[in-house]
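Undergrad: My structure is in my_file.json, and what it holds is JSON, C-alpha atoms:
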[["chain", "number", "residue", "atom", "x", "y", "z"],
["A", 1, "MET", "CA", 0.00, 0.00, 0.00],
["A", 2, "ASN", "CA", 0.95, 3.63, -0.46],
["A", 3, "ILE", "CA", 0.56, 5.45, 2.85],
["A", 4, "MET", "CA", 0.83, 9.19, 3.52],
["A", 5, "ILE", "CA", 1.52, 10.41, 7.06],
["A", 6, "SER", "CA", 1.38, 13.94, 8.43],
["A", 7, "GLY", "CA", 3.55, 14.38, 11.52],
["A", 8, "GLY", "CA", 5.45, 11.26, 10.57],
["A", 9, "SER", "CA", 8.78, 12.33, 12.06],
["A", 10, "GLY", "CA", 7.62, 12.19, 15.69],
["A", 11, "LEU", "CA", 7.73, 9.25, 18.09],
["A", 12, "LEU", "CA", 4.53, 7.61, 16.84],
["A", 13, "GLY", "CA", 5.13, 8.35, 13.18],
["A", 14, "THR", "CA", 8.65, 6.96, 13.32],
["A", 15, "ALA", "CA", 7.56, 3.75, 15.05],
["A", 16, "LEU", "CA", 4.62, 3.21, 12.72],
["A", 17, "THR", "CA", 6.69, 3.97, 9.61],
["A", 18, "ARG", "CA", 9.34, 1.47, 10.64],
["A", 19, "SER", "CA", 6.69, -1.23, 11.06],
["A", 20, "LEU", "CA", 5.00, -0.46, 7.73],
["A", 21, "LEU", "CA", 8.27, -0.40, 5.79],
["A", 22, "THR", "CA", 9.28, -3.74, 7.28],
["A", 23, "ASP", "CA", 6.17, -5.27, 5.71],
["A", 24, "GLY", "CA", 6.88, -3.77, 2.31],
["A", 25, "HIS", "CA", 4.50, -0.82, 2.30],
["A", 26, "LYS", "CA", 5.52, 2.52, 0.81],
["A", 27, "VAL", "CA", 5.38, 5.44, 3.26],
["A", 28, "PHE", "CA", 5.43, 9.11, 2.32],
["A", 29, "ILE", "CA", 5.93, 11.70, 5.06],
["A", 30, "LEU", "CA", 4.43, 15.17, 4.77],
["A", 31, "SER", "CA", 7.21, 17.43, 6.02],
["A", 32, "ARG", "CA", 8.39, 21.02, 6.05],
["A", 33, "HIS", "CA", 11.40, 19.90, 4.03],
["A", 34, "ALA", "CA", 11.48, 17.65, 0.99],
["A", 35, "GLY", "CA", 13.73, 14.59, 0.91],
["A", 36, "GLU", "CA", 13.75, 10.84, 0.40],
["A", 37, "ASN", "CA", 10.15, 9.68, 0.86],
["A", 38, "ARG", "CA", 9.35, 13.16, 2.21],
["A", 39, "ILE", "CA", 6.82, 15.44, 0.58],
["A", 40, "GLN", "CA", 7.12, 19.14, 1.27],
["A", 41, "TRP", "CA", 4.02, 20.95, 2.54],
["A", 42, "ASP", "CA", 3.13, 23.88, 4.76],
["A", 43, "GLY", "CA", 0.22, 22.21, 6.54],
["A", 44, "ARG", "CA", -2.15, 24.91, 5.32],
["A", 45, "THR", "CA", -2.60, 24.49, 1.55],
["A", 46, "THR", "CA", -2.65, 21.65, -0.99],
["A", 47, "ALA", "CA", -0.18, 23.47, -3.26],
["A", 48, "GLY", "CA", 2.58, 21.23, -4.59],
["A", 49, "TRP", "CA", 1.43, 17.96, -3.01],
["A", 50, "GLY", "CA", -2.36, 17.66, -3.10],
["A", 51, "HIS", "CA", -2.38, 15.72, -6.38],
["A", 52, "LEU", "CA", -0.37, 12.92, -4.75],
["A", 53, "ILE", "CA", -3.47, 11.94, -2.74],
["A", 54, "ASN", "CA", -4.62, 10.20, -5.94],
["A", 55, "GLU", "CA", -1.81, 7.67, -5.48],
["A", 56, "MET", "CA", -2.46, 6.94, -1.78],
["A", 57, "ASP", "CA", -4.38, 4.04, -0.26],
["A", 58, "VAL", "CA", -4.20, 5.35, 3.32],
["A", 59, "VAL", "CA", -3.76, 8.81, 4.86],
["A", 60, "ILE", "CA", -2.76, 9.14, 8.52],
["A", 61, "HIS", "CA", -3.02, 12.46, 10.37],
["A", 62, "LEU", "CA", -0.53, 12.60, 13.24],
["A", 63, "ALA", "CA", 0.51, 16.26, 13.02],
["A", 64, "GLY", "CA", 0.22, 18.42, 16.12],
["A", 65, "GLN", "CA", 2.51, 20.28, 18.50],
["A", 66, "SER", "CA", 3.08, 18.35, 21.72],
["A", 67, "THR", "CA", 1.05, 19.65, 24.67],
["A", 68, "SER", "CA", 4.12, 19.00, 26.83],
["A", 69, "ALA", "CA", 5.53, 22.28, 25.47],
["A", 70, "TRP", "CA", 5.79, 24.77, 28.36],
["A", 71, "PRO", "CA", 4.46, 27.26, 29.34],
["A", 72, "TRP", "CA", 0.84, 27.24, 28.17],
["A", 73, "THR", "CA", 0.55, 30.85, 27.07],
["A", 74, "ALA", "CA", -2.38, 32.02, 24.96],
["A", 75, "ALA", "CA", -0.13, 31.94, 21.90],
["A", 76, "ARG", "CA", 1.03, 28.40, 22.72],
["A", 77, "LYS", "CA", -2.55, 27.18, 23.08],
["A", 78, "ARG", "CA", -3.42, 28.68, 19.69],
["A", 79, "SER", "CA", -0.42, 26.82, 18.29],
["A", 80, "PHE", "CA", -1.72, 23.56, 19.75],
["A", 81, "GLU", "CA", -4.98, 24.14, 17.87],
["A", 82, "ASP", "CA", -3.54, 25.44, 14.60],
["A", 83, "SER", "CA", -0.96, 22.65, 14.32],
["A", 84, "ARG", "CA", -3.76, 20.07, 14.50],
["A", 85, "ILE", "CA", -6.80, 21.68, 12.92],
["A", 86, "LEU", "CA", -5.30, 23.41, 9.88],
["A", 87, "PRO", "CA", -3.40, 20.33, 8.60],
["A", 88, "GLY", "CA", -6.52, 18.22, 9.21],
["A", 89, "ARG", "CA", -8.68, 20.54, 7.16],
["A", 90, "VAL", "CA", -6.25, 20.66, 4.27],
["A", 91, "LEU", "CA", -5.93, 16.86, 4.22],
["A", 92, "ALA", "CA", -9.72, 16.61, 4.02],
["A", 93, "GLN", "CA", -9.69, 19.22, 1.24],
["A", 94, "ALA", "CA", -7.10, 17.26, -0.73],
["A", 95, "ILE", "CA", -9.20, 14.11, -0.47],
["A", 96, "GLN", "CA", -12.30, 15.98, -1.57],
["A", 97, "GLU", "CA", -10.47, 17.29, -4.64],
["A", 98, "ALA", "CA", -8.93, 13.92, -5.52],
["A", 99, "THR", "CA", -10.05, 11.92, -8.55],
["A", 100, "ARG", "CA", -9.03, 8.71, -6.77],
["A", 101, "ARG", "CA", -9.60, 8.80, -3.03],
["A", 102, "PRO", "CA", -7.84, 6.69, -0.38],
["A", 103, "SER", "CA", -9.87, 3.90, 1.16],
["A", 104, "LEU", "CA", -8.87, 4.76, 4.73],
["A", 105, "PHE", "CA", -8.19, 7.88, 6.79],
["A", 106, "VAL", "CA", -6.64, 7.49, 10.25],
["A", 107, "GLN", "CA", -7.19, 10.43, 12.59],
["A", 108, "VAL", "CA", -5.01, 10.29, 15.70],
["A", 109, "SER", "CA", -6.45, 12.21, 18.65],
["A", 110, "GLY", "CA", -6.06, 12.23, 22.44],
["A", 111, "ILE", "CA", -7.51, 10.31, 25.37],
["A", 112, "ASN", "CA", -8.08, 13.73, 27.00],
["A", 113, "HIS", "CA", -11.26, 13.83, 24.87],
["A", 114, "TYR", "CA", -13.27, 12.73, 27.93],
["A", 115, "GLY", "CA", -12.10, 15.45, 30.28],
["A", 116, "VAL", "CA", -10.39, 15.06, 33.65],
["A", 117, "TYR", "CA", -13.38, 14.27, 35.88],
["A", 118, "GLY", "CA", -16.02, 11.57, 35.95],
["A", 119, "SER", "CA", -16.51, 7.83, 36.13],
["A", 120, "LEU", "CA", -14.73, 5.26, 33.95],
["A", 121, "ALA", "CA", -14.96, 6.47, 30.35],
["A", 122, "ASP", "CA", -15.23, 4.55, 27.09],
["A", 123, "GLU", "CA", -15.76, 5.55, 23.46],
["A", 124, "ALA", "CA", -19.45, 6.34, 24.05],
["A", 125, "THR", "CA", -18.67, 8.87, 26.81],
["A", 126, "LEU", "CA", -19.36, 12.50, 25.93],
["A", 127, "PRO", "CA", -16.36, 14.87, 25.59],
["A", 128, "GLY", "CA", -15.29, 17.05, 28.48],
["A", 129, "ASP", "CA", -15.49, 20.85, 28.49],
["A", 130, "ASP", "CA", -11.91, 21.67, 29.52],
["A", 131, "PHE", "CA", -9.25, 22.96, 27.12],
["A", 132, "LEU", "CA", -7.64, 19.61, 26.27],
["A", 133, "ALA", "CA", -10.96, 17.88, 25.75],
["A", 134, "GLN", "CA", -12.22, 20.58, 23.42],
["A", 135, "LEU", "CA", -8.88, 20.54, 21.60],
["A", 136, "THR", "CA", -9.48, 16.89, 20.69],
["A", 137, "VAL", "CA", -13.04, 17.68, 19.58],
["A", 138, "LYS", "CA", -11.78, 20.34, 17.15],
["A", 139, "TRP", "CA", -8.94, 18.06, 16.03],
["A", 140, "GLU", "CA", -11.34, 15.25, 15.17],
["A", 141, "ASP", "CA", -13.94, 17.53, 13.59],
["A", 142, "ALA", "CA", -11.34, 18.92, 11.15],
["A", 143, "THR", "CA", -11.21, 15.62, 9.23],
["A", 144, "LYS", "CA", -14.76, 14.39, 9.75],
["A", 145, "PRO", "CA", -15.84, 15.52, 6.23],
["A", 146, "VAL", "CA", -13.91, 12.60, 4.67],
["A", 147, "GLU", "CA", -16.60, 10.25, 6.00],
["A", 148, "HIS", "CA", -19.15, 11.93, 3.72],
["A", 149, "LEU", "CA", -16.84, 11.22, 0.79],
["A", 150, "GLY", "CA", -17.07, 7.47, 1.33],
["A", 151, "VAL", "CA", -13.70, 7.12, 3.07],
["A", 152, "ARG", "CA", -13.49, 4.82, 6.09],
["A", 153, "ARG", "CA", -12.21, 6.85, 9.04],
["A", 154, "LEU", "CA", -10.59, 5.64, 12.25],
["A", 155, "VAL", "CA", -10.27, 8.01, 15.21],
["A", 156, "LEU", "CA", -7.54, 6.79, 17.57],
["A", 157, "ARG", "CA", -7.86, 8.52, 20.94],
["A", 158, "THR", "CA", -4.35, 7.92, 22.18],
["A", 159, "SER", "CA", -3.04, 7.99, 25.74],
["A", 160, "PRO", "CA", 0.56, 9.04, 26.51],
["A", 161, "VAL", "CA", 2.83, 6.53, 24.79],
["A", 162, "LEU", "CA", 5.63, 4.81, 26.69],
["A", 163, "ALA", "CA", 8.84, 4.28, 24.72],
["A", 164, "LYS", "CA", 12.52, 4.42, 25.57],
["A", 165, "ASN", "CA", 12.73, 7.97, 24.20],
["A", 166, "SER", "CA", 9.28, 9.30, 25.16],
["A", 167, "ILE", "CA", 9.28, 12.60, 27.04],
["A", 168, "ILE", "CA", 6.57, 11.60, 29.50],
["A", 169, "LEU", "CA", 8.45, 8.50, 30.64],
["A", 170, "LYS", "CA", 11.71, 10.43, 31.04],
["A", 171, "LEU", "CA", 9.98, 13.09, 33.16],
["A", 172, "ILE", "CA", 8.45, 10.52, 35.50],
["A", 173, "ALA", "CA", 11.55, 8.33, 35.64],
["A", 174, "LEU", "CA", 14.09, 11.08, 36.38],
["A", 175, "PRO", "CA", 13.17, 11.79, 40.03],
["A", 176, "VAL", "CA", 12.84, 8.04, 40.66],
["A", 177, "GLN", "CA", 16.31, 7.43, 39.23],
["A", 178, "LEU", "CA", 17.63, 10.22, 41.46],
["A", 179, "PHE", "CA", 16.10, 8.53, 44.54],
["A", 180, "PHE", "CA", 13.36, 11.19, 44.86],
["A", 181, "GLY", "CA", 10.46, 9.18, 43.54],
["A", 182, "GLY", "CA", 7.14, 9.48, 45.31],
["A", 183, "ARG", "CA", 3.54, 10.61, 45.27],
["A", 184, "ILE", "CA", 2.70, 13.68, 43.14],
["A", 185, "GLY", "CA", -0.34, 15.51, 44.41],
["A", 186, "SER", "CA", -2.89, 13.01, 45.72],
["A", 187, "GLY", "CA", -1.37, 10.24, 43.62],
["A", 188, "GLU", "CA", -4.88, 8.94, 43.01],
["A", 189, "GLN", "CA", -5.27, 10.69, 39.65],
["A", 190, "ALA", "CA", -5.48, 8.46, 36.59],
["A", 191, "PHE", "CA", -2.32, 7.93, 34.61],
["A", 192, "PRO", "CA", -3.32, 6.82, 31.09],
["A", 193, "TRP", "CA", -0.61, 5.06, 29.09],
["A", 194, "ILE", "CA", 0.09, 2.58, 26.30],
["A", 195, "HIS", "CA", 3.33, 0.86, 25.29],
["A", 196, "VAL", "CA", 4.56, 2.05, 21.89],
["A", 197, "GLN", "CA", 4.50, -1.51, 20.53],
["A", 198, "ASP", "CA", 0.85, -1.91, 21.46],
["A", 199, "TRP", "CA", 0.08, 1.44, 19.87],
["A", 200, "VAL", "CA", 1.67, 0.35, 16.59],
["A", 201, "ASN", "CA", 0.11, -3.12, 16.75],
["A", 202, "ALA", "CA", -3.37, -1.81, 17.58],
["A", 203, "THR", "CA", -3.19, 0.85, 14.88],
["A", 204, "ARG", "CA", -2.21, -1.69, 12.23],
["A", 205, "TYR", "CA", -4.79, -4.17, 13.55],
["A", 206, "LEU", "CA", -7.59, -1.63, 13.08],
["A", 207, "MET", "CA", -6.24, -0.47, 9.73],
["A", 208, "SER", "CA", -6.35, -4.00, 8.37],
["A", 209, "ASN", "CA", -9.88, -4.71, 9.63],
["A", 210, "GLU", "CA", -12.30, -3.19, 7.14],
["A", 211, "ASN", "CA", -15.14, -3.44, 9.66],
["A", 212, "SER", "CA", -13.30, -1.12, 12.05],
["A", 213, "HIS", "CA", -14.39, 2.51, 11.92],
["A", 214, "GLY", "CA", -15.05, 5.42, 14.24],
["A", 215, "ALA", "CA", -13.46, 6.08, 17.62],
["A", 216, "TYR", "CA", -11.18, 3.69, 19.50],
["A", 217, "ASN", "CA", -9.37, 4.36, 22.77],
["A", 218, "LEU", "CA", -5.71, 3.37, 22.48],
["A", 219, "ILE", "CA", -4.92, 2.94, 26.14],
["A", 220, "ALA", "CA", -3.70, 0.01, 28.23],
["A", 221, "PRO", "CA", -6.58, -2.02, 29.70],
["A", 222, "THR", "CA", -5.25, -1.77, 33.28],
["A", 223, "GLN", "CA", -6.59, 1.37, 34.96],
["A", 224, "THR", "CA", -3.49, 2.85, 36.61],
["A", 225, "SER", "CA", -3.16, 5.75, 39.02],
["A", 226, "LEU", "CA", -0.02, 7.89, 38.91],
["A", 227, "ALA", "CA", 0.95, 6.60, 42.35],
["A", 228, "ASP", "CA", 0.56, 2.98, 41.25],
["A", 229, "PHE", "CA", 2.58, 3.61, 38.11],
["A", 230, "THR", "CA", 5.40, 5.36, 39.97],
["A", 231, "LYS", "CA", 5.54, 2.62, 42.62],
["A", 232, "VAL", "CA", 5.91, -0.02, 39.91],
["A", 233, "LEU", "CA", 8.56, 2.10, 38.18],
["A", 234, "ALA", "CA", 10.50, 2.47, 41.45],
["A", 235, "GLY", "CA", 10.40, -1.28, 41.91],
["A", 236, "VAL", "CA", 11.62, -2.00, 38.38],
["A", 237, "LEU", "CA", 14.47, 0.51, 38.84],
["A", 238, "HIS", "CA", 15.23, -0.72, 42.38],
["A", 239, "ARG", "CA", 14.71, 2.75, 43.82],
["A", 240, "PRO", "CA", 12.72, 3.96, 46.85],
["A", 241, "TYR", "CA", 9.25, 5.47, 46.65],
["A", 242, "TRP", "CA", 9.07, 8.01, 49.44],
["A", 243, "PHE", "CA", 9.32, 11.68, 48.44],
["A", 244, "PRO", "CA", 5.89, 13.40, 48.10],
["A", 245, "VAL", "CA", 5.49, 16.44, 45.84],
["A", 246, "PRO", "CA", 2.53, 18.66, 46.86],
["A", 247, "ALA", "CA", 0.00, 19.66, 44.22],
["A", 248, "PHE", "CA", 0.38, 23.40, 44.91],
["A", 249, "LEU", "CA", 4.06, 23.22, 44.02],
["A", 250, "MET", "CA", 3.30, 21.65, 40.63],
["A", 251, "ARG", "CA", 0.62, 24.29, 39.99],
["A", 252, "ASN", "CA", 3.01, 27.10, 40.88],
["A", 253, "VAL", "CA", 5.71, 25.75, 38.57],
["A", 254, "LEU", "CA", 3.63, 24.54, 35.62],
["A", 255, "GLY", "CA", 0.51, 26.70, 35.81],
["A", 256, "GLU", "CA", -2.41, 25.40, 33.73],
["A", 257, "MET", "CA", -0.15, 22.74, 32.24],
["A", 258, "SER", "CA", -0.12, 20.99, 35.64],
["A", 259, "VAL", "CA", -3.44, 19.38, 34.66],
["A", 260, "LEU", "CA", -1.38, 16.90, 32.62],
["A", 261, "ILE", "CA", 0.04, 15.50, 35.87],
["A", 262, "LEU", "CA", -2.40, 16.40, 38.65],
["A", 263, "GLU", "CA", -5.70, 15.50, 36.99],
["A", 264, "GLY", "CA", -6.89, 12.56, 34.98],
["A", 265, "ARG", "CA", -9.94, 10.41, 34.25],
["A", 266, "PHE", "CA", -9.82, 6.63, 34.10],
["A", 267, "CYS", "CA", -10.64, 5.28, 30.64],
["A", 268, "GLN", "CA", -10.88, 1.88, 29.02],
["A", 269, "PRO", "CA", -10.24, 0.57, 25.47],
["A", 270, "LYS", "CA", -13.71, -0.98, 25.28],
["A", 271, "ARG", "CA", -14.14, -1.11, 21.50],
["A", 272, "LEU", "CA", -10.56, -2.26, 20.92],
["A", 273, "LEU", "CA", -10.99, -5.18, 23.32],
["A", 274, "GLU", "CA", -14.38, -6.04, 21.82],
["A", 275, "SER", "CA", -12.75, -6.15, 18.39],
["A", 276, "GLY", "CA", -10.51, -8.99, 19.59],
["A", 277, "TYR", "CA", -7.22, -7.12, 19.98],
["A", 278, "LYS", "CA", -4.84, -8.72, 22.50],
["A", 279, "PHE", "CA", -2.45, -6.38, 24.33],
["A", 280, "GLN", "CA", 1.21, -7.36, 24.42],
["A", 281, "PHE", "CA", 1.73, -5.10, 27.47],
["A", 282, "PRO", "CA", -1.56, -4.91, 29.41],
["A", 283, "GLY", "CA", -0.04, -3.81, 32.73],
["A", 284, "PRO", "CA", 2.61, -1.27, 33.78],
["A", 285, "ARG", "CA", 5.06, -3.80, 35.21],
["A", 286, "GLU", "CA", 5.60, -5.77, 32.01],
["A", 287, "ALA", "CA", 5.75, -2.53, 30.00],
["A", 288, "LEU", "CA", 8.36, -0.94, 32.27],
["A", 289, "ILE", "CA", 10.47, -4.09, 32.46],
["A", 290, "ASP", "CA", 10.57, -4.13, 28.67],
["A", 291, "LEU", "CA", 11.61, -0.48, 28.48],
["A", 292, "PHE", "CA", 14.22, -0.46, 31.27],
["A", 293, "THR", "CA", 15.90, -3.84, 30.85]]
Write out the structure in this file as structure tokens.
TA:
Amino acid sequence: MNIMISGGSGLLGTALTRSLLTDGHKVFILSRHAGENRIQWDGRTTAGWGHLINEMDVVIHLAGQSTSAWPWTAARKRSFEDSRILPGRVLAQAIQEATRRPSLFVQVSGINHYGVYGSLADEATLPGDDFLAQLTVKWEDATKPVEHLGVRRLVLRTSPVLAKNSIILKLIALPVQLFFGGRIGSGEQAFPWIHVQDWVNATRYLMSNENSHGAYNLIAPTQTSLADFTKVLAGVLHRPYWFPVPAFLMRNVLGEMSVLILEGRFCQPKRLLESGYKFQFPGPREALIDLFT
């Protein structure tokens, strides 16, 4: 298959591209700079690349500035939106203008769709009203028009991905490695996660199943609090778990961005499990052992 990916140079795009190339697929990355298997675009117009949609079987929209960028100024929050919504709209426009349309569009979104408060969420749960939740709503809506063009669309609401080089894992692991691991805030807040290999496997599993469409939560099936996760991490690294960090300190340092650490709603991958997908790393211990040994 010919597969086009926006945001293909990030952690997820790199891992997915490697897997696809191994199986003989052709992958084309939409990038600011042209190069081998890279198609130059500006993320805002179809000029210079839009016609190539006619040659694609699958389009995957991964583009978007990481919300781990600090601080969350008004300009930064606009950048979070623009880097997701504008590329999504122009991809949908290119598909609308194509004479031969791809059979599948994969829209990657965020597990923050459900907000930070409430009972256990699944794909049928309504979106939250906070900034991150509404960001995912706008992100998903940008590419929804492709469904009316007869293109199968997957919406992958992705939790933070654990990989050897993922920022989130490095941030959590650093104080533990320095013997200062411990509870952050209440510690009871949900910590959503998925191992990068399960993310790639689940994405390809859904891509290959023509009956799969709509929203799927890509999150490990074990509901894990931040305290539970950090305790397991400390055990895997043979470090103590003892040093509490109060919530007010995180809020003073990170401002609104502290919601990424101090708040969280438990979610489940209900539709993914119902589809028959089997997780390679269902719990934090096996995931962390794989990443740190």
Undergrad: Under the rule of at most 9 Å, produce a per-residue listing of region 62-154 of chain A near region 19-43 of chain A: chain, number, name, the closest pair of atoms, and the distance in Å, as CSV, using only C-alpha atoms.
TA:
residue,atom,partner,partner_atom,distance
A:Ala63,CA,A:Gly43,CA,8.8
A:Ser83,CA,A:Gly43,CA,7.9
A:Leu86,CA,A:Gly43,CA,6.6
A:Pro87,CA,A:Gly43,CA,4.6
A:Gly88,CA,A:Gly43,CA,8.3
A:Val90,CA,A:Gly43,CA,7.0
A:Leu91,CA,A:Gly43,CA,8.5
Undergrad: Have a look at CA of Phe279 (chain A) and CA of Leu237 (chain A) and let me know their distance in Å, one decimal.
TA: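 That distance, rounded to one decimal, is 23.3 Å.
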Undergrad: Could you give me, as a tab-separated table, every region 174-234 of chain A residue with an atom at most 12 Å from region 50-60 of chain A, plus its closest atom pair and distance in Å to one decimal, counting all atoms listed in the file, rows ordered by chain then number?
TA:
residue	atom	partner	partner_atom	distance
A:Thr203	CA	A:Ile60	CA	10.5
A:Arg204	CA	A:Ile60	CA	11.5
A:Met207	CA	A:Val58	CA	8.9
A:Ser208	CA	A:Val58	CA	10.8
Undergrad: Can you list, as a list in words, every protein, DNA or RNA residue that comes within 7 Å of Leu154 (chain A) when you count all atoms listed in the file, leaving out same-chain residues fewer than 5 positions away?
TA: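 My list of contacting residues is Phe105, Val106, Gln107, His213, Gly214 and Ala215 of chain A.
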Undergrad: Closest to Gln134 (chain A) among A:Val151, A:Lys77, A:Phe179, A:Thr99, using all atoms listed in the file?
TA: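 Of A:Val151, A:Lys77, A:Phe179, A:Thr99, the one nearest Gln134 (chain A), counting all atoms listed in the file, is A:Lys77.
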Undergrad: Here is a test: counting all atoms listed in the file, which residue of A:Asp130, A:Asp82, A:Asp122, A:Glu97 is nearest to Glu256 (chain A)?
TA: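 For Glu256 (chain A), the nearest of the given residues is A:Asp130.
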Undergrad: If you measure from CA of Arg78 (chain A) to CA of Gly185 (chain A), what distance in Å do you get, rounded to one decimal?
TA: 28.2 Å
Undergrad: Using all atoms listed in the file, pick whichever of A:Thr45, A:Ser258, A:Thr136, A:Gln197 has the shortest atom-to-atom distance to Lys164 (chain A).
TA: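 Among A:Thr45, A:Ser258, A:Thr136, A:Gln197, it is A:Gln197 that comes nearest to Lys164 (chain A).
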Undergrad: Using Å and a single decimal, report how far CA of Gly181 (chain A) sits from CA of Ala133 (chain A).
TA: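 A separation of 29.2 Å between them.
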Undergrad: Which residue gives the smallest distance to Ala202 (chain A) among A:Gly235, A:Gly13, A:Pro269, A:Gly128, with only C-alpha atoms counted?
TA: A:Pro269
Undergrad: Write out N, CA and C atoms for region 1-14 of chain A, as a PDB file, keeping the file's coordinate frame.
TA:
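Below is the file rebuild.pdb, written as the result:
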ATOM      1  N   MET A   1       0.833  -1.203   0.000  1.00  0.00           N
ATOM      2  CA  MET A   1       0.000   0.000   0.000  1.00  0.00           C
ATOM      3  C   MET A   1       0.863   1.247   0.000  1.00  0.00           C
ATOM      4  N   ASN A   2       0.336   2.312  -0.554  1.00  0.00           N
ATOM      5  CA  ASN A   2       0.950   3.630  -0.460  1.00  0.00           C
ATOM      6  C   ASN A   2       0.282   4.378   0.682  1.00  0.00           C
ATOM      7  N   ILE A   3       1.094   4.842   1.632  1.00  0.00           N
ATOM      8  CA  ILE A   3       0.560   5.450   2.850  1.00  0.00           C
ATOM      9  C   ILE A   3       1.194   6.807   3.065  1.00  0.00           C
ATOM     10  N   MET A   4       0.367   7.820   3.262  1.00  0.00           N
ATOM     11  CA  MET A   4       0.830   9.190   3.520  1.00  0.00           C
ATOM     12  C   MET A   4       0.600   9.526   4.980  1.00  0.00           C
ATOM     13  N   ILE A   5       1.626  10.087   5.632  1.00  0.00           N
ATOM     14  CA  ILE A   5       1.520  10.410   7.060  1.00  0.00           C
ATOM     15  C   ILE A   5       1.906  11.862   7.294  1.00  0.00           C
ATOM     16  N   SER A   6       1.020  12.608   7.944  1.00  0.00           N
ATOM     17  CA  SER A   6       1.380  13.940   8.430  1.00  0.00           C
ATOM     18  C   SER A   6       1.914  13.783   9.851  1.00  0.00           C
ATOM     19  N   GLY A   7       2.954  14.532  10.199  1.00  0.00           N
ATOM     20  CA  GLY A   7       3.550  14.380  11.520  1.00  0.00           C
ATOM     21  C   GLY A   7       4.297  13.070  11.667  1.00  0.00           C
ATOM     22  N   GLY A   8       4.822  12.579  10.569  1.00  0.00           N
ATOM     23  CA  GLY A   8       5.450  11.260  10.570  1.00  0.00           C
ATOM     24  C   GLY A   8       6.828  11.196  11.158  1.00  0.00           C
ATOM     25  N   SER A   9       7.418  12.333  11.526  1.00  0.00           N
ATOM     26  CA  SER A   9       8.780  12.330  12.060  1.00  0.00           C
ATOM     27  C   SER A   9       8.827  12.268  13.581  1.00  0.00           C
ATOM     28  N   GLY A  10       7.658  12.276  14.237  1.00  0.00           N
ATOM     29  CA  GLY A  10       7.620  12.190  15.690  1.00  0.00           C
ATOM     30  C   GLY A  10       7.741  10.759  16.180  1.00  0.00           C
ATOM     31  N   LEU A  11       7.564  10.564  17.488  1.00  0.00           N
ATOM     32  CA  LEU A  11       7.730   9.250  18.090  1.00  0.00           C
ATOM     33  C   LEU A  11       6.787   8.227  17.462  1.00  0.00           C
ATOM     34  N   LEU A  12       5.506   8.558  17.379  1.00  0.00           N
ATOM     35  CA  LEU A  12       4.530   7.610  16.840  1.00  0.00           C
ATOM     36  C   LEU A  12       4.728   7.386  15.350  1.00  0.00           C
ATOM     37  N   GLY A  13       4.939   8.473  14.615  1.00  0.00           N
ATOM     38  CA  GLY A  13       5.130   8.350  13.180  1.00  0.00           C
ATOM     39  C   GLY A  13       6.348   7.525  12.828  1.00  0.00           C
ATOM     40  N   THR A  14       7.424   7.713  13.572  1.00  0.00           N
ATOM     41  CA  THR A  14       8.650   6.960  13.320  1.00  0.00           C
ATOM     42  C   THR A  14       8.446   5.475  13.591  1.00  0.00           C
TER      43      THR A  14
END
